[in-house]
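Enquirer: Structure incoming, see below.
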Amino acid sequence: TAKNDGYTVGLASSSFLALVTQGRAEADVEKITNICSVSEEPIVLAVKAGGKFEKAEDFLAQAKTGQVSIGVPGSNNVNQAYAMLLGKAAEADFLFMPFDGGSRVITEILGDHVDSGVLKPSEVISQVNAGELKVIGVFNKDGITTMPDVPTFESLGYDVFTLGEIKQASYIMAPEGVDEQVKEKLASMFKEAVESEEFKSFAGESGMISQPLTGKELDTYVGDIYKALDNAGKELFAVN
């Protein structure tokens, strides 16, 4: 609802798209100007280091014979969708426990109150480096360069993409009707920032994928994520 003069932009994410598909946010993605993607964050399954689960196979084997708990920051989002798709693929039973943020999920894991958490690499990297948490599986198709030894669930034989390209992504958006020259200027500015060595270094250390998209390529990218999250809302979260 801001003026479309280019001086007000927003940092959107897949969480925003999920809220829109579920009718929990009053917005029309067809009336938004997508400017530039910022990052994509592979979602990971993390457990307590030195705990009950050494690898993903151990975790899923336990889930097939008895319930295991998964902490999720928020609810009805990318994190929970991936975990539910994994449960379906592995015929495993998960107990979902929503919390008000990734840091709270980590606290509950370390305190042995939940068995695991579905989180972003940037949320767990410090505890992983400190030997407190262990990442045992990655939900995206390509894995994480900073954690090359961690398998993807797809490589383990579990298809978690049956509803489409569910991704945890962030991007810059602006109001509808931004002048084309202004849009191009904004896209150029943000793309330059995302392509800077400083940001690429930060992204790499945080486990992010940083490949800035603009124009029609970005519109298609955001549209595909929206469709997948809409499918998740209807098929996983029973949203009409």
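Quick note on naming: the chains in the structure tokens go A, B, ... in the order shown, residues restart at 1 in each chain, and ligands are numbered from 1 in order of appearance.
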Please give the complete set of residues from chain A that DSSP, run on the backbone, assigns to strand (DSSP E or B), formatted as an MDAnalysis selection string.
Expert: chainID A and resid 10:13 32:40 44:48 68:73 94:99 116:119 133:138 152 169:175 209
Enquirer: Within 12 Å of segment 205-209 of chain A, which residues of segment 147-194 of chain A show up? Give each one with its shortest atom-to-atom distance in Å (one decimal) and the two atoms involved, counting only C-alpha atoms, rows by chain then rising residue number, as CSV.
Expert:
```
residue,atom,partner,partner_atom,distance
A:Met147,CA,A:Gly207,CA,8.2
A:Pro148,CA,A:Gly207,CA,10.9
A:Lys167,CA,A:Ile209,CA,11.3
A:Gln168,CA,A:Met208,CA,10.1
A:Ala169,CA,A:Ile209,CA,9.2
A:Ser170,CA,A:Met208,CA,10.6
A:Val194,CA,A:Ile209,CA,10.7
```
Enquirer: Under the rule that only C-alpha atoms are counted, which of A:Ala89, A:Ala25, A:Val9, A:Ala228 is the nearest residue to Tyr158 of chain A?
Expert: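 The closest residue to Tyr158 of chain A is A:Ala89.
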Enquirer: Could you check the closest approach to Val114 of chain A for each of A:Ile35, A:Ala2, A:Ile70, A:Val128 and tell me which residue wins, using only C-alpha atoms?
Expert: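 Among A:Ile35, A:Ala2, A:Ile70, A:Val128, it is A:Ile70 that comes nearest to Val114 of chain A.
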Enquirer: According to DSSP computed on the backbone, where in segment 59-234 of chain A is there alpha helix (DSSP H)? Give the residues as a ChimeraX atom specification.
Expert: /A:59-65,78-90,102-110,121-129,180-194,197-205,215-234
Enquirer: Find, counting only C-alpha atoms, the residue in A:Leu163, A:Val138, A:Val38, A:Ala12 that gets nearest to Ala187 of chain A.
Expert: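 Of the candidates, the smallest distance to Ala187 of chain A is held by A:Val38.
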Enquirer: Quick one: everything within 9 Å of segment 71-82 of chain A, counting only C-alpha atoms, minus sequence neighbours fewer than 5 positions away in the same chain. Send it as a ChimeraX atom specification.
Expert: /A:14-15,18-19,22,43-44,87,95-106,108-109,114-120,139,160-161,166-168,229,232-233,236-237
Enquirer: Grab the residues selected above and save them as a compact mmCIF listing (two decimals), in the first residue's frame with N, CA, C and O atoms.
Expert:
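Below is the file selection-v9.txt, written as the result:
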```txt
# COMPACT_ATOMS: atom_id res chain seq x y z
N SER A 14 9.73 -16.71 1.87
CA SER A 14 8.79 -17.81 1.67
C SER A 14 7.74 -17.84 2.77
O SER A 14 6.61 -18.27 2.55
N SER A 15 8.11 -17.39 3.96
CA SER A 15 7.14 -17.34 5.07
C SER A 15 6.01 -16.37 4.73
O SER A 15 4.84 -16.64 5.03
N ALA A 18 3.78 -18.11 2.25
CA ALA A 18 2.96 -19.12 2.91
C ALA A 18 1.76 -18.48 3.60
O ALA A 18 0.64 -19.00 3.54
N LEU A 19 1.98 -17.35 4.25
CA LEU A 19 0.88 -16.65 4.92
C LEU A 19 -0.18 -16.20 3.92
O LEU A 19 -1.38 -16.27 4.20
N GLN A 22 -2.35 -19.08 2.65
CA GLN A 22 -3.25 -19.59 3.67
C GLN A 22 -4.28 -18.55 4.12
O GLN A 22 -5.05 -18.79 5.05
N ILE A 43 16.99 -26.03 4.01
CA ILE A 43 16.48 -26.41 5.33
C ILE A 43 17.13 -27.71 5.76
O ILE A 43 17.31 -28.63 4.96
N VAL A 44 17.51 -27.79 7.03
CA VAL A 44 18.24 -28.96 7.53
C VAL A 44 17.53 -29.57 8.74
O VAL A 44 16.73 -28.91 9.41
N GLY A 87 8.10 -37.27 6.49
CA GLY A 87 7.35 -38.29 7.21
C GLY A 87 6.53 -39.16 6.28
O GLY A 87 6.47 -40.38 6.45
N LEU A 95 6.12 -36.04 15.91
CA LEU A 95 5.34 -35.16 16.78
C LEU A 95 5.89 -33.75 16.58
O LEU A 95 7.04 -33.48 16.90
N PHE A 96 5.07 -32.86 16.02
CA PHE A 96 5.53 -31.50 15.74
C PHE A 96 5.28 -30.59 16.94
O PHE A 96 4.20 -30.58 17.51
N MET A 97 6.32 -29.83 17.27
CA MET A 97 6.24 -28.91 18.39
C MET A 97 6.65 -27.52 17.91
O MET A 97 7.83 -27.26 17.66
N PRO A 98 5.68 -26.60 17.71
CA PRO A 98 5.99 -25.26 17.22
C PRO A 98 6.55 -24.35 18.33
O PRO A 98 6.09 -24.40 19.48
N PHE A 99 7.52 -23.54 17.95
CA PHE A 99 8.10 -22.57 18.89
C PHE A 99 8.19 -21.21 18.19
O PHE A 99 8.05 -21.11 16.97
N ASP A 100 8.47 -20.18 18.96
CA ASP A 100 8.43 -18.82 18.41
C ASP A 100 9.79 -18.37 17.87
O ASP A 100 10.15 -17.20 18.00
N GLY A 101 10.51 -19.29 17.24
CA GLY A 101 11.77 -18.90 16.61
C GLY A 101 12.79 -20.02 16.64
O GLY A 101 12.69 -20.96 17.45
N GLY A 102 13.79 -19.92 15.75
CA GLY A 102 14.80 -20.95 15.66
C GLY A 102 15.65 -21.08 16.91
O GLY A 102 16.04 -22.19 17.30
N SER A 103 15.95 -19.97 17.57
CA SER A 103 16.79 -20.03 18.77
C SER A 103 16.10 -20.82 19.88
O SER A 103 16.76 -21.55 20.64
N ARG A 104 14.78 -20.69 19.95
CA ARG A 104 14.03 -21.45 20.98
C ARG A 104 14.06 -22.95 20.64
O ARG A 104 14.20 -23.78 21.55
N VAL A 105 13.95 -23.29 19.37
CA VAL A 105 14.03 -24.70 18.96
C VAL A 105 15.39 -25.28 19.37
O VAL A 105 15.46 -26.38 19.92
N ILE A 106 16.45 -24.52 19.13
CA ILE A 106 17.79 -24.98 19.48
C ILE A 106 17.91 -25.21 20.98
O ILE A 106 18.48 -26.22 21.44
N GLU A 108 15.57 -26.00 23.05
CA GLU A 108 14.80 -27.19 23.41
C GLU A 108 15.54 -28.47 23.02
O GLU A 108 15.47 -29.48 23.74
N ILE A 109 16.26 -28.44 21.89
CA ILE A 109 17.04 -29.61 21.48
C ILE A 109 18.17 -29.85 22.48
O ILE A 109 18.39 -30.97 22.96
N VAL A 114 13.12 -31.74 22.98
CA VAL A 114 12.68 -32.24 21.68
C VAL A 114 13.84 -32.99 21.04
O VAL A 114 15.01 -32.71 21.34
N ASP A 115 13.52 -33.95 20.18
CA ASP A 115 14.55 -34.79 19.58
C ASP A 115 15.33 -34.10 18.46
O ASP A 115 16.49 -34.45 18.20
N SER A 116 14.67 -33.15 17.79
CA SER A 116 15.30 -32.57 16.60
C SER A 116 14.66 -31.23 16.28
O SER A 116 13.68 -30.83 16.90
N GLY A 117 15.22 -30.58 15.25
CA GLY A 117 14.64 -29.33 14.77
C GLY A 117 14.84 -29.22 13.27
O GLY A 117 15.84 -29.68 12.73
N VAL A 118 13.86 -28.63 12.60
CA VAL A 118 13.98 -28.36 11.17
C VAL A 118 14.26 -26.86 11.05
O VAL A 118 13.38 -26.04 11.31
N LEU A 119 15.49 -26.54 10.65
CA LEU A 119 15.97 -25.17 10.76
C LEU A 119 16.79 -24.75 9.55
O LEU A 119 17.07 -25.55 8.66
N LYS A 120 17.18 -23.48 9.53
CA LYS A 120 18.06 -22.96 8.49
C LYS A 120 19.51 -23.13 8.93
O LYS A 120 19.80 -23.06 10.13
N PHE A 139 17.30 -30.88 3.19
CA PHE A 139 16.07 -31.06 2.42
C PHE A 139 16.16 -30.60 0.97
O PHE A 139 15.32 -30.98 0.16
N VAL A 160 10.98 -35.44 -1.20
CA VAL A 160 10.30 -34.39 -0.44
C VAL A 160 9.87 -33.24 -1.35
O VAL A 160 9.62 -32.13 -0.89
N PHE A 161 9.78 -33.53 -2.66
CA PHE A 161 9.42 -32.50 -3.63
C PHE A 161 8.14 -32.85 -4.39
O PHE A 161 7.93 -32.38 -5.50
N ILE A 166 9.35 -26.32 -3.11
CA ILE A 166 9.27 -25.65 -1.82
C ILE A 166 10.69 -25.20 -1.44
O ILE A 166 11.59 -26.02 -1.34
N LYS A 167 10.85 -23.90 -1.24
CA LYS A 167 12.17 -23.37 -0.91
C LYS A 167 12.03 -22.25 0.12
O LYS A 167 11.03 -21.54 0.14
N GLN A 168 13.06 -22.12 0.96
CA GLN A 168 13.11 -21.01 1.90
C GLN A 168 13.96 -19.92 1.26
O GLN A 168 15.18 -19.99 1.26
N LEU A 229 3.84 -23.80 -2.11
CA LEU A 229 3.33 -23.53 -0.77
C LEU A 229 1.81 -23.56 -0.74
O LEU A 229 1.21 -23.93 0.27
N ALA A 232 1.04 -27.12 -0.47
CA ALA A 232 1.29 -27.57 0.89
C ALA A 232 0.15 -27.17 1.82
O ALA A 232 -0.28 -27.95 2.68
N GLY A 233 -0.34 -25.95 1.64
CA GLY A 233 -1.44 -25.49 2.49
C GLY A 233 -2.66 -26.35 2.35
O GLY A 233 -3.34 -26.69 3.32
N LEU A 236 -1.26 -30.49 3.08
CA LEU A 236 -0.61 -30.83 4.35
C LEU A 236 -1.26 -30.14 5.54
O LEU A 236 -1.40 -30.73 6.61
N PHE A 237 -1.67 -28.88 5.35
CA PHE A 237 -2.18 -28.11 6.47
C PHE A 237 -3.68 -27.94 6.47
O PHE A 237 -4.24 -27.23 7.27
```
Enquirer: Which one is closest to Asn4 of chain A: A:Lys183, A:Lys88, A:Lys48, A:Lys55? Count only C-alpha atoms.
Expert: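 Of the candidates, the smallest distance to Asn4 of chain A is held by A:Lys183.
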Enquirer: Looking at A:Val47, A:Val135, A:Leu213, A:Ala130, which one is nearest to Tyr171 of chain A, with distances taken over only C-alpha atoms?
Expert: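 Of A:Val47, A:Val135, A:Leu213, A:Ala130, the one nearest Tyr171 of chain A is A:Leu213, counting only C-alpha atoms.
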Enquirer: Which is closest to Phe16 of chain A among A:Ile136, A:Val29, A:Leu85, A:Val124, if we use only C-alpha atoms?
Expert: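 Using only C-alpha atoms, the shortest distance to Phe16 of chain A belongs to A:Val29.
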Enquirer: One decimal, Å: what's the distance from atom CA of Gly164 of chain A over to atom CA of Val68 of chain A, could you say?
Expert: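 Taking atom CA of Gly164 of chain A and atom CA of Val68 of chain A, their separation equals 26.0 Å.
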Enquirer: Atom CA of Leu218 of chain A to atom CA of Thr1 of chain A: how many Å, to one decimal?
Expert: 21.5 Å
Enquirer: So which residues touch Ile32 of chain A within 9 Å, counting only C-alpha atoms, skipping near sequence neighbours fewer than 6 positions away, as an mmCIF file with C-alpha atoms, in the first residue's frame?
Expert:
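What follows is the written file selection.cif:
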```
data_model
loop_
_atom_site.group_PDB
_atom_site.id
_atom_site.type_symbol
_atom_site.label_atom_id
_atom_site.label_comp_id
_atom_site.auth_asym_id
_atom_site.auth_seq_id
_atom_site.Cartn_x
_atom_site.Cartn_y
_atom_site.Cartn_z
ATOM 1 C CA MET A 173 9.765 -6.500 -3.421
ATOM 2 C CA ALA A 174 8.087 -3.148 -4.103
ATOM 3 C CA PRO A 175 4.501 -1.929 -4.586
ATOM 4 C CA GLU A 176 2.620 -2.511 -7.806
ATOM 5 C CA GLY A 177 3.097 -0.007 -10.601
#
```
